[in-house]
Every structure is written in C-alpha cells, then in structure tokens.
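Chemist: See my_file.cif below, with mmCIF, C-alpha atoms.
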data_structure
#
loop_
_atom_site.group_PDB
_atom_site.id
_atom_site.type_symbol
_atom_site.label_atom_id
_atom_site.label_comp_id
_atom_site.auth_asym_id
_atom_site.auth_seq_id
_atom_site.Cartn_x
_atom_site.Cartn_y
_atom_site.Cartn_z
ATOM 1 C CA MET G 1 -5.542 25.316 12.449
ATOM 2 C CA ASN G 2 -9.119 24.078 12.713
ATOM 3 C CA GLU G 3 -10.017 20.798 14.409
ATOM 4 C CA ASN G 4 -9.908 18.738 11.186
ATOM 5 C CA GLU G 5 -6.458 20.089 10.306
ATOM 6 C CA LEU G 6 -5.207 19.312 13.815
ATOM 7 C CA GLN G 7 -6.517 15.756 13.587
ATOM 8 C CA SER G 8 -4.924 15.295 10.166
ATOM 9 C CA ALA G 9 -1.578 16.618 11.441
ATOM 10 C CA SER G 10 -1.810 14.308 14.462
ATOM 11 C CA LEU G 11 -2.473 11.286 12.234
ATOM 12 C CA ASN G 12 0.411 12.205 9.912
ATOM 13 C CA GLU G 13 2.756 12.525 12.882
ATOM 14 C CA ALA G 14 1.666 9.195 14.376
ATOM 15 C CA PHE G 15 2.060 7.492 10.991
ATOM 16 C CA SER G 16 5.552 8.907 10.397
ATOM 17 C CA LYS G 17 6.627 7.634 13.832
ATOM 18 C CA GLU G 18 5.388 4.163 12.898
ATOM 19 C CA LEU G 19 7.404 4.291 9.649
ATOM 20 C CA ILE G 20 10.556 5.151 11.618
ATOM 21 C CA ASN G 21 10.187 2.823 14.587
ATOM 22 C CA THR G 22 7.116 0.630 14.666
ATOM 23 C CA SER G 23 5.273 -0.562 17.752
ATOM 24 C CA LEU G 24 3.558 -3.350 15.786
ATOM 25 C CA ASP G 25 3.917 -7.017 16.621
ATOM 26 C CA LEU G 26 5.176 -8.238 13.229
ATOM 27 C CA THR G 27 4.244 -11.841 14.035
ATOM 28 C CA ILE G 28 0.537 -10.962 13.775
ATOM 29 C CA ASP G 29 -1.129 -11.233 10.364
ATOM 30 C CA TYR G 30 -3.356 -8.160 10.623
ATOM 31 C CA SER G 31 -5.234 -9.080 7.457
ATOM 32 C CA GLU G 32 -6.721 -11.974 9.447
ATOM 33 C CA VAL G 33 -7.799 -9.856 12.423
ATOM 34 C CA ALA G 34 -11.581 -9.393 12.618
ATOM 35 C CA LEU G 35 -12.784 -5.791 12.279
ATOM 36 C CA ASP G 36 -14.464 -5.823 15.689
ATOM 37 C CA SER G 37 -11.160 -6.911 17.289
ATOM 38 C CA ILE G 38 -9.211 -3.937 15.954
ATOM 39 C CA ILE G 39 -10.066 -1.703 18.903
ATOM 40 C CA SER G 40 -9.947 -4.403 21.553
ATOM 41 C CA ASP G 41 -7.634 -3.705 24.499
ATOM 42 C CA ASN G 42 -4.825 -5.965 23.331
ATOM 43 C CA ILE G 43 -4.484 -4.098 20.013
ATOM 44 C CA ALA G 44 -5.583 -0.494 20.602
ATOM 45 C CA ASN G 45 -3.652 -0.073 23.849
ATOM 46 C CA GLU G 46 -0.457 -1.363 22.263
ATOM 47 C CA ILE G 47 -0.351 0.625 19.002
ATOM 48 C CA PRO G 48 -0.317 4.453 19.014
ATOM 49 C CA ILE G 49 -1.370 4.720 15.341
ATOM 50 C CA VAL G 50 -4.577 2.827 16.174
ATOM 51 C CA LYS G 51 -5.296 5.260 19.015
ATOM 52 C CA SER G 52 -4.818 8.172 16.611
ATOM 53 C CA ILE G 53 -7.289 6.736 14.097
ATOM 54 C CA VAL G 54 -9.811 5.869 16.809
ATOM 55 C CA SER G 55 -9.590 9.425 18.171
ATOM 56 C CA LEU G 56 -10.856 10.731 14.804
ATOM 57 C CA GLY G 57 -14.292 9.256 15.562
ATOM 58 C CA ARG G 58 -16.514 11.746 17.314
ATOM 59 C CA LEU G 59 -19.309 9.383 18.370
ATOM 60 C CA GLY G 60 -17.476 6.097 18.109
ATOM 61 C CA ILE G 61 -15.379 4.455 15.448
ATOM 62 C CA SER G 62 -17.114 3.604 12.165
ATOM 63 C CA ILE G 63 -16.768 0.536 9.960
ATOM 64 C CA LYS G 64 -14.840 2.706 7.468
ATOM 65 C CA GLN G 65 -12.367 3.723 10.188
ATOM 66 C CA LEU G 66 -11.967 0.104 11.304
ATOM 67 C CA HIS G 67 -11.278 -0.949 7.722
ATOM 68 C CA PHE G 68 -8.806 1.930 7.299
ATOM 69 C CA THR G 69 -7.062 0.898 10.534
ATOM 70 C CA LYS G 70 -6.728 -2.668 9.309
ATOM 71 C CA LYS G 71 -5.258 -1.528 5.985
ATOM 72 C CA VAL G 72 -2.777 0.725 7.805
ATOM 73 C CA LEU G 73 -1.667 -2.170 10.023
ATOM 74 C CA CYS G 74 -1.220 -4.447 6.994
ATOM 75 C CA PHE G 75 0.817 -1.769 5.196
ATOM 76 C CA LEU G 76 3.076 -1.165 8.208
ATOM 77 C CA ARG G 77 3.626 -4.863 8.886
ATOM 78 C CA GLU G 78 4.711 -5.490 5.277
ATOM 79 C CA PHE G 79 6.893 -2.382 5.276
ATOM 80 C CA HIS G 80 8.746 -3.283 8.468
ATOM 81 C CA SER G 81 9.104 -6.966 7.652
ATOM 82 C CA LYS G 82 11.275 -6.021 4.640
ATOM 83 C CA GLY G 83 13.004 -2.823 5.790
ATOM 84 C CA SER G 84 16.594 -3.488 6.893
ATOM 85 C CA THR G 85 18.857 -2.123 4.125
ATOM 86 C CA ASP G 86 20.934 1.058 3.936
ATOM 87 C CA ASN G 87 18.206 2.634 1.777
ATOM 88 C CA PHE G 88 15.719 2.192 4.625
ATOM 89 C CA PHE G 89 18.051 3.767 7.177
ATOM 90 C CA GLU G 90 18.584 6.755 4.862
ATOM 91 C CA PHE G 91 14.822 7.053 4.289
ATOM 92 C CA LYS G 92 14.056 6.978 8.015
ATOM 93 C CA HIS G 93 16.778 9.539 8.730
ATOM 94 C CA LYS G 94 15.260 11.876 6.138
ATOM 95 C CA LEU G 95 11.812 11.435 7.718
ATOM 96 C CA ILE G 96 13.301 12.592 11.025
ATOM 97 C CA THR G 97 15.285 15.545 9.656
ATOM 98 C CA ASP G 98 13.187 16.863 6.742
ATOM 99 C CA HIS G 99 9.713 18.005 7.820
ATOM 100 C CA LYS G 100 8.559 18.816 4.279
ATOM 101 C CA PHE G 101 9.612 15.379 3.031
ATOM 102 C CA LYS G 102 7.922 13.671 6.004
ATOM 103 C CA TYR G 103 4.635 15.457 5.342
ATOM 104 C CA LYS G 104 4.705 14.682 1.601
ATOM 105 C CA VAL G 105 5.369 10.966 2.184
ATOM 106 C CA THR G 106 2.905 10.385 5.023
ATOM 107 C CA GLU G 107 0.108 12.354 3.367
ATOM 108 C CA GLN G 108 0.460 10.401 0.110
ATOM 109 C CA ILE G 109 0.523 7.029 1.875
ATOM 110 C CA ILE G 110 -2.476 7.822 4.071
ATOM 111 C CA LEU G 111 -4.515 9.082 1.102
ATOM 112 C CA ILE G 112 -3.784 5.978 -0.983
ATOM 113 C CA VAL G 113 -4.311 3.487 1.868
ATOM 114 C CA ASP G 114 -7.654 5.114 2.624
ATOM 115 C CA ARG G 115 -8.674 4.692 -1.031
ATOM 116 C CA LEU G 116 -7.608 1.042 -1.404
ATOM 117 C CA ARG G 117 -10.459 -1.456 -1.273
ATOM 118 C CA THR G 118 -8.753 -4.405 0.417
ATOM 119 C CA GLU G 119 -6.033 -5.273 2.904
ATOM 120 C CA GLN G 120 -4.289 -7.316 0.200
ATOM 121 C CA ARG G 121 -3.933 -4.183 -1.946
ATOM 122 C CA SER G 122 -2.501 -2.378 1.072
ATOM 123 C CA ILE G 123 0.190 -5.073 1.311
ATOM 124 C CA LEU G 124 0.955 -4.689 -2.411
ATOM 125 C CA PHE G 125 1.089 -0.920 -1.899
ATOM 126 C CA ALA G 126 3.737 -1.428 0.802
ATOM 127 C CA LYS G 127 5.755 -3.497 -1.688
ATOM 128 C CA LEU G 128 5.493 -0.622 -4.196
ATOM 129 C CA PHE G 129 6.709 1.815 -1.571
ATOM 130 C CA ILE G 130 9.616 -0.457 -0.684
ATOM 131 C CA GLY G 131 10.547 -0.509 -4.389
ATOM 132 C CA HIS G 132 10.673 3.288 -4.371
ATOM 133 C CA ILE G 133 12.872 3.374 -1.254
ATOM 134 C CA GLN G 134 15.194 0.854 -2.903
ATOM 135 C CA VAL G 135 15.490 3.350 -5.821
ATOM 136 C CA ARG G 136 13.874 1.058 -8.394
ATOM 137 C CA TYR G 137 11.730 4.013 -9.560
ATOM 138 C CA ASP G 138 11.303 7.663 -8.669
ATOM 139 C CA TRP G 139 8.564 9.343 -6.609
ATOM 140 C CA GLU G 140 6.406 10.284 -9.601
ATOM 141 C CA THR G 141 6.483 6.692 -10.913
ATOM 142 C CA PHE G 142 5.631 5.393 -7.444
ATOM 143 C CA CYS G 143 2.629 7.739 -7.309
ATOM 144 C CA TYR G 144 1.503 6.542 -10.750
ATOM 145 C CA PHE G 145 1.804 2.867 -9.749
ATOM 146 C CA SER G 146 -0.154 3.671 -6.586
ATOM 147 C CA GLU G 147 -3.006 5.176 -8.594
ATOM 148 C CA CYS G 148 -3.121 2.102 -10.857
ATOM 149 C CA LEU G 149 -3.107 -0.398 -7.992
ATOM 150 C CA ASP G 150 -6.708 -0.020 -6.888
ATOM 151 C CA LEU G 151 -7.953 -0.145 -10.500
ATOM 152 C CA MET G 152 -6.288 -3.506 -11.094
ATOM 153 C CA GLN G 153 -8.101 -6.800 -10.636
ATOM 154 C CA PRO G 154 -6.465 -9.814 -8.923
ATOM 155 C CA ILE G 155 -5.996 -11.518 -12.310
ATOM 156 C CA ASP G 156 -4.084 -8.444 -13.556
ATOM 157 C CA ILE G 157 -1.533 -8.881 -10.777
ATOM 158 C CA ASP G 158 -1.174 -12.597 -11.572
ATOM 159 C CA VAL G 159 -0.714 -11.890 -15.301
ATOM 160 C CA LEU G 160 1.800 -9.123 -14.613
ATOM 161 C CA GLU G 161 3.748 -11.364 -12.230
ATOM 162 C CA TYR G 162 3.834 -14.134 -14.849
ATOM 163 C CA LEU G 163 4.912 -11.808 -17.667
ATOM 164 C CA SER G 164 7.626 -10.176 -15.552
ATOM 165 C CA THR G 165 9.674 -13.374 -15.969
ATOM 166 C CA LYS G 166 9.178 -13.517 -19.775
ATOM 167 C CA GLU G 167 10.564 -11.420 -22.593
ATOM 168 C CA SER G 168 7.492 -12.307 -24.655
ATOM 169 C CA ASP G 169 4.797 -14.966 -24.710
ATOM 170 C CA GLU G 170 1.683 -15.965 -26.614
ATOM 171 C CA VAL G 171 -1.574 -15.073 -24.911
ATOM 172 C CA GLU G 172 -2.674 -18.721 -24.986
ATOM 173 C CA ASN G 173 0.453 -19.729 -23.059
ATOM 174 C CA ILE G 174 -0.046 -17.381 -20.103
ATOM 175 C CA ALA G 175 -0.310 -19.720 -17.141
ATOM 176 C CA VAL G 176 -2.460 -18.098 -14.476
ATOM 177 C CA HIS G 177 -5.210 -19.646 -12.381
ATOM 178 C CA SER G 178 -8.055 -21.060 -14.414
ATOM 179 C CA VAL G 179 -9.850 -18.183 -16.105
ATOM 180 C CA ASP G 180 -11.514 -18.069 -19.471
ATOM 181 C CA ARG G 181 -9.899 -16.457 -22.500
ATOM 182 C CA TYR G 182 -12.096 -13.354 -22.353
ATOM 183 C CA MET G 183 -11.091 -12.530 -18.777
ATOM 184 C CA LEU G 184 -7.448 -13.006 -19.755
ATOM 185 C CA LEU G 185 -7.789 -10.726 -22.779
ATOM 186 C CA ALA G 186 -9.587 -8.136 -20.640
ATOM 187 C CA SER G 187 -6.725 -8.281 -18.140
ATOM 188 C CA ILE G 188 -4.159 -7.771 -20.889
ATOM 189 C CA GLU G 189 -6.098 -4.775 -22.233
ATOM 190 C CA ARG G 190 -6.137 -3.200 -18.769
ATOM 191 C CA LEU G 191 -2.397 -3.757 -18.352
ATOM 192 C CA LYS G 192 -1.815 -2.232 -21.799
ATOM 193 C CA SER G 193 -3.862 0.832 -20.846
ATOM 194 C CA TYR G 194 -1.642 1.353 -17.750
ATOM 195 C CA GLY G 195 1.479 1.068 -19.918
ATOM 196 C CA PHE G 196 2.683 -2.051 -18.083
ATOM 197 C CA ILE G 197 2.837 -4.316 -21.150
ATOM 198 C CA GLY G 198 2.864 -4.006 -24.930
ATOM 199 C CA MET G 199 1.487 -6.396 -27.537
ATOM 200 C CA LYS G 200 2.254 -7.344 -31.102
ATOM 201 C CA GLY G 201 -0.532 -9.510 -32.488
ATOM 202 C CA LEU G 202 -1.201 -12.163 -29.855
ATOM 203 C CA THR G 203 2.329 -11.909 -28.411
#
What would you get if you wrote out this structure as structure tokens?
Modeler:
Amino acid sequence: MNENELQSASLNEAFSKELINTSLDLTIDYSEVALDSIISDNIANEIPIVKSIVSLGRLGISIKQLHFTKKVLCFLREFHSKGSTDNFFEFKHKLITDHKFKYKVTEQIILIVDRLRTEQRSILFAKLFIGHIQVRYDWETFCYFSECLDLMQPIDIDVLEYLSTKESDEVENIAVHSVDRYMLLASIERLKSYGFIGMKGLT
C-alpha cells in the first residue's frame, strides 16, 4: 500500500467504528459549529474520526477538509440519533463481521459526503441511509437516491415532501414556501427527470 491508500484505509476504519459505536456528543448541533472551531481542543481531542481527517493534511488542515469534517459529524449525529431498532443492530453486527461489506458501505458514504455541498444535505443523506437500513429500498436504490441528492435544490425537497402525502394534486395547489410558478415548474421537471414523480397534464 502507498501512503494515500494507507490514509484512505485508516479513514474508512475510523468511520466504520463511528457507525458502530459513536464517540460524538449527540446534543451538539454540528451544523452550527463554526469551521474554525472544528479542530479546537474540545472537539478534535474527543472524536477519533476528526483526528483521522485532520491527519490527512500534510501542511495543515484545509477549508475543504474542515467542511468535510463538519459534514461527516452532521451525518453521524443524524444517523445515531435515529438508530435503535433491530435493523440497526443487525447492520452494526455485519459491519463488525463482514470486512467486504464494511469497506463497501464506508467507502460509498465517505465518497458521497465528500461530494455533498452542504451540511443540510449530509443530514438528508443520513436519513436516506437509515431508510436503506430499515429495508425501505435496496442498496442500488440507495446509491441512486444518493447521486440525486446533491443535484436537488431545496425547493425540490419541499415539493417532494408535500407530494409524498398526496396521491395527486394540481400544480397550482402545491403549498410550498412562496416561490413563483416558474421555479415550481422547474422543480417538478427536475423531480420528473429523477423518476420521483409523474405528471398527467397539470396534475
């Protein structure tokens, strides 16, 4: 293994340990933590995953690494705040006992979290992952949803959330925060292109 491969393996291992038994303080809203506070003593010294990310910086941690760290913390907090069912115990047991499965899961999560633009999307990504663990959809569907997530705009998520409670509705009746008709239609076209909704006329 070269140095980059060793660092990647170290990060994957640290991340899988956090998925199994987190060292995070779940009372902290990490999305509100300032970037320059991420590596302060009271955070970095407490959380091994932060140390692993910081160690990737050769000449000091970059803004990109700080942002990645914050997204990882947001993902893990959301994941652990919801994870207490039998499905979660089975998932964690498989992470411990199946090395190939552990690598596949941690690599995919790290790659997607790194790509996501905001901490809020990282939280939504954790919700998607929880859905997969709860067997709402398979691994391939989870990966597809993950790819779509960073392409979606905030209005798309609001529209999708609204429509998830309706069998059908007229476009004019969609009650999301005040946006003009063109933004709403653009959102619906994006959701159609992802295969999340279908339309017949304006319904």
Chemist: Report as number ranges by chain all protein, DNA and RNA residues lying within 12 Å of G:Ile47, evaluated on all atoms listed in the file, omitting residues in the same chain fewer than 3 positions from it.
Modeler: G: 14-15, 17-18, 21-26, 38-44, 50-54, 69, 72-73, 76
Chemist: Near G:Ile20, within 10 Å and counting only C-alpha atoms, which residues show up once chain neighbours fewer than 4 positions away are dropped, as number ranges by chain?
Modeler: G: 15-16, 80, 88-89, 91-96
Chemist: Taking the file as shown, find all residues satisfying the PyMOL selection byres ((chain G and resi 187) around 8) and write them as a ChimeraX atom specification.
Modeler: /G:153,155-156,159,183-186,188-191
Chemist: If we count all atoms listed in the file and set the cut-off at 9 Å, which residues sit around G:Gln134, ignoring sequence neighbours fewer than 6 positions away in its own chain? Please answer as an MDAnalysis selection string.
Modeler: chainID G and resid 85:88
Chemist: If you take every atom of stretch 172-188 of chain G that the file lists and fit an axis-aligned box around them with 8 Å extra on each side, what centre and edge lengths come out in Å to one decimal, as JSON?
Modeler:
{"center_x": -5.8, "center_y": -14.4, "center_z": -18.7, "size_x": 28.5, "size_y": 29.3, "size_z": 28.6}
Chemist: G:Lys71, G:Arg77, G:Arg181, G:Lys166: which is nearest G:Ile28, counting all atoms listed in the file?
Modeler: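 Of G:Lys71, G:Arg77, G:Arg181, G:Lys166, the one nearest G:Ile28, counting all atoms listed in the file, is G:Arg77.
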Chemist: Report the residues retrieved by the PyMOL selection byres ((chain G and resi 63) around 12) from the displayed file, expressed as a PDB file with C-alpha atoms, in the coordinates of the input.
Modeler:
ATOM      1  CA  ALA G  34     -11.581  -9.393  12.618  1.00  0.00           C
ATOM      2  CA  LEU G  35     -12.784  -5.791  12.279  1.00  0.00           C
ATOM      3  CA  ASP G  36     -14.464  -5.823  15.689  1.00  0.00           C
ATOM      4  CA  SER G  37     -11.160  -6.911  17.289  1.00  0.00           C
ATOM      5  CA  ILE G  38      -9.211  -3.937  15.954  1.00  0.00           C
ATOM      6  CA  ILE G  39     -10.066  -1.703  18.903  1.00  0.00           C
ATOM      7  CA  VAL G  54      -9.811   5.869  16.809  1.00  0.00           C
ATOM      8  CA  GLY G  57     -14.292   9.256  15.562  1.00  0.00           C
ATOM      9  CA  GLY G  60     -17.476   6.097  18.109  1.00  0.00           C
ATOM     10  CA  ILE G  61     -15.379   4.455  15.448  1.00  0.00           C
ATOM     11  CA  SER G  62     -17.114   3.604  12.165  1.00  0.00           C
ATOM     12  CA  LYS G  64     -14.840   2.706   7.468  1.00  0.00           C
ATOM     13  CA  GLN G  65     -12.367   3.723  10.188  1.00  0.00           C
ATOM     14  CA  LEU G  66     -11.967   0.104  11.304  1.00  0.00           C
ATOM     15  CA  HIS G  67     -11.278  -0.949   7.722  1.00  0.00           C
ATOM     16  CA  PHE G  68      -8.806   1.930   7.299  1.00  0.00           C
ATOM     17  CA  THR G  69      -7.062   0.898  10.534  1.00  0.00           C
ATOM     18  CA  LYS G  70      -6.728  -2.668   9.309  1.00  0.00           C
TER      19      LYS G  70
END
Chemist: Please report the interatomic distance between atom CA of G:Ile110 and atom CA of G:Asn12 in Å with one decimal.
Modeler: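 A separation of 7.9 Å between them.
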Chemist: Please report the interatomic distance between atom CA of G:Arg121 and atom CA of G:Asp150 in Å with one decimal.
Modeler: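 Separation between atom CA of G:Arg121 and atom CA of G:Asp150: 7.0 Å.
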Chemist: Can you work out the spacing between atom CA of G:Thr106 and atom CA of G:Ile49 in Å, to one decimal?
Modeler: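 Computing the Euclidean distance for atom CA of G:Thr106 and atom CA of G:Ile49 yields 12.5 Å.
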Chemist: Could you pull the residues within 10 Å of G:Tyr162, counting all atoms listed in the file, minus those fewer than 4 positions along the same chain, as a PyMOL selection string?
Modeler: chain G and resi 156-158+166+169+174-176
Chemist: Written as a count of residues only, what is the full residue list that the PyMOL selection byres ((chain G and resi 108) around 12) yields on the file shown?
Modeler: 26
